[in-house]
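Asks: Have a look at this one.
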Amino acid sequence: MPEDVNKYLPLSKPKIGISGKTGSWRIFAPEINYEKCVKCHICVVVCPEASILLEDDRPKIDYDYCKGCGVCARECPVGAITMRRER
Ligand code: SF4
Ligand code: SF4
């Protein structure tokens with residue numbers, strides 16, 4: 001995977017829609033354990049909301065738009081993402 005995956009993949013950035021920011025739909029929130037993360041960037045690619053982008057080569061979740069689907073946690077090869085109930 002190239003170092004800056006944002007440059008090479010046709011990933012879009014989420015933006016506000018008519019129902020507002022979709023992060024308000026979330027019940028469970030993903031949390032990344034950076035001590036476990038191996039920077040494979042798989043979570044960036046699989047997030048259906050394009051809500052994980054890279055910052056200094058580390059994945060960062062945009063909670064304004066993450067819907068809490070759990071795909072990133074399921075696909076992370078090292079179990080670095082856990083889902084925490086928010087409400
Ligand atoms: S999938 Fe897991 S190990 Fe890979 S970048 Fe995301 S959090 Fe890190
Ligand atoms: S929980 Fe779903 S929407 Fe939120 S960052 Fe993970 S894959 Fe994307």
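Naming scheme: A, B, ... for chains in displayed order of the structure tokens; residues 1 onward per chain; ligands 1 onward as shown.
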Restrict the calculation to only C-alpha atoms and all ligand atoms, then for each residue of chain A with any atom at most 7 Å from an atom of ligand 1 give the closest atom pair and their distance in Å to one decimal, rows by chain and rising residue number, as CSV.

Replies:
```
residue,atom,partner,partner_atom_place_in_ligand_line,distance
A:Ile32,CA,ligand 1,7 (S),5.7
A:Lys36,CA,ligand 1,3 (S),6.8
A:Cys37,CA,ligand 1,8 (Fe),3.7
A:Val38,CA,ligand 1,3 (S),4.3
A:Lys39,CA,ligand 1,5 (S),3.8
A:Cys40,CA,ligand 1,4 (Fe),3.9
A:His41,CA,ligand 1,5 (S),3.8
A:Ile42,CA,ligand 1,1 (S),4.4
A:Cys43,CA,ligand 1,1 (S),4.1
A:Val44,CA,ligand 1,6 (Fe),6.5
A:Arg58,CA,ligand 1,5 (S),6.7
A:Pro59,CA,ligand 1,5 (S),5.7
A:Cys72,CA,ligand 1,1 (S),6.6
A:Glu75,CA,ligand 1,1 (S),6.4
A:Cys76,CA,ligand 1,1 (S),3.7
A:Pro77,CA,ligand 1,2 (Fe),6.0
A:Val78,CA,ligand 1,3 (S),5.6
A:Gly79,CA,ligand 1,2 (Fe),6.4
A:Ala80,CA,ligand 1,2 (Fe),5.0
A:Ile81,CA,ligand 1,7 (S),5.6
```

Asks: Could you list, as a ChimeraX atom specification, all the residues within 7 Å of ligand 2, counting only C-alpha atoms and all ligand atoms?

Replies: /A:29-30,43,46-52,61,66-73

Asks: DSSP on the backbone: what in chain A comes out alpha helix (DSSP H), as an mmCIF file with C-alpha atoms, in the first residue's frame?

Replies:
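Generated output (out.cif):
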```cif
data_model
loop_
_atom_site.group_PDB
_atom_site.id
_atom_site.type_symbol
_atom_site.label_atom_id
_atom_site.label_comp_id
_atom_site.auth_asym_id
_atom_site.auth_seq_id
_atom_site.Cartn_x
_atom_site.Cartn_y
_atom_site.Cartn_z
ATOM 1 C CA VAL A 5 -3.244 6.160 0.291
ATOM 2 C CA ASN A 6 -5.401 9.276 0.050
ATOM 3 C CA LYS A 7 -3.472 10.313 -3.054
ATOM 4 C CA TYR A 8 -3.820 7.057 -4.929
ATOM 5 C CA ILE A 42 -7.322 -1.379 5.221
ATOM 6 C CA CYS A 43 -9.810 0.477 7.417
ATOM 7 C CA VAL A 44 -9.411 3.557 5.225
ATOM 8 C CA VAL A 45 -10.325 1.567 2.141
ATOM 9 C CA VAL A 46 -13.247 -0.429 3.547
ATOM 10 C CA VAL A 71 -16.936 -2.647 9.166
ATOM 11 C CA CYS A 72 -13.548 -1.128 10.060
ATOM 12 C CA ALA A 73 -13.379 -3.060 13.329
ATOM 13 C CA ARG A 74 -14.345 -6.287 11.600
ATOM 14 C CA GLU A 75 -11.763 -5.912 8.831
#
```

Asks: When DSSP works through the backbone of this structure, what residues of chain A end up as strand (DSSP E), shown as JSON, numbers by chain?

Replies: {"A": [28, 29, 30, 31, 32, 52, 53, 54, 55, 58, 59, 60, 61, 81, 82, 83, 84, 85]}

Asks: Between atom CA of A:Glu35 and atom CA of A:Lys15, what is the distance, to one decimal in Å?

Replies: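 Computing it gives 29.8 Å between the two atoms.
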
Asks: At what distance in Å, to one decimal, does atom CA of A:Arg85 lie from atom CA of A:Ser12?

Replies: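 Separation of atom CA of A:Ser12 and atom CA of A:Arg85: 26.9 Å.
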
Asks: Could you state the separation of atom CA of A:Tyr65 and atom CA of A:Glu31 in Å, given to one decimal place?

Replies: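 Result for atom CA of A:Tyr65 versus atom CA of A:Glu31: 14.3 Å, one decimal.
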
Asks: Rank nothing, just name the residue among A:Asp57, A:Arg87, A:Asp64, A:Thr82 nearest to A:Thr22, using only C-alpha atoms.

Replies: A:Asp64
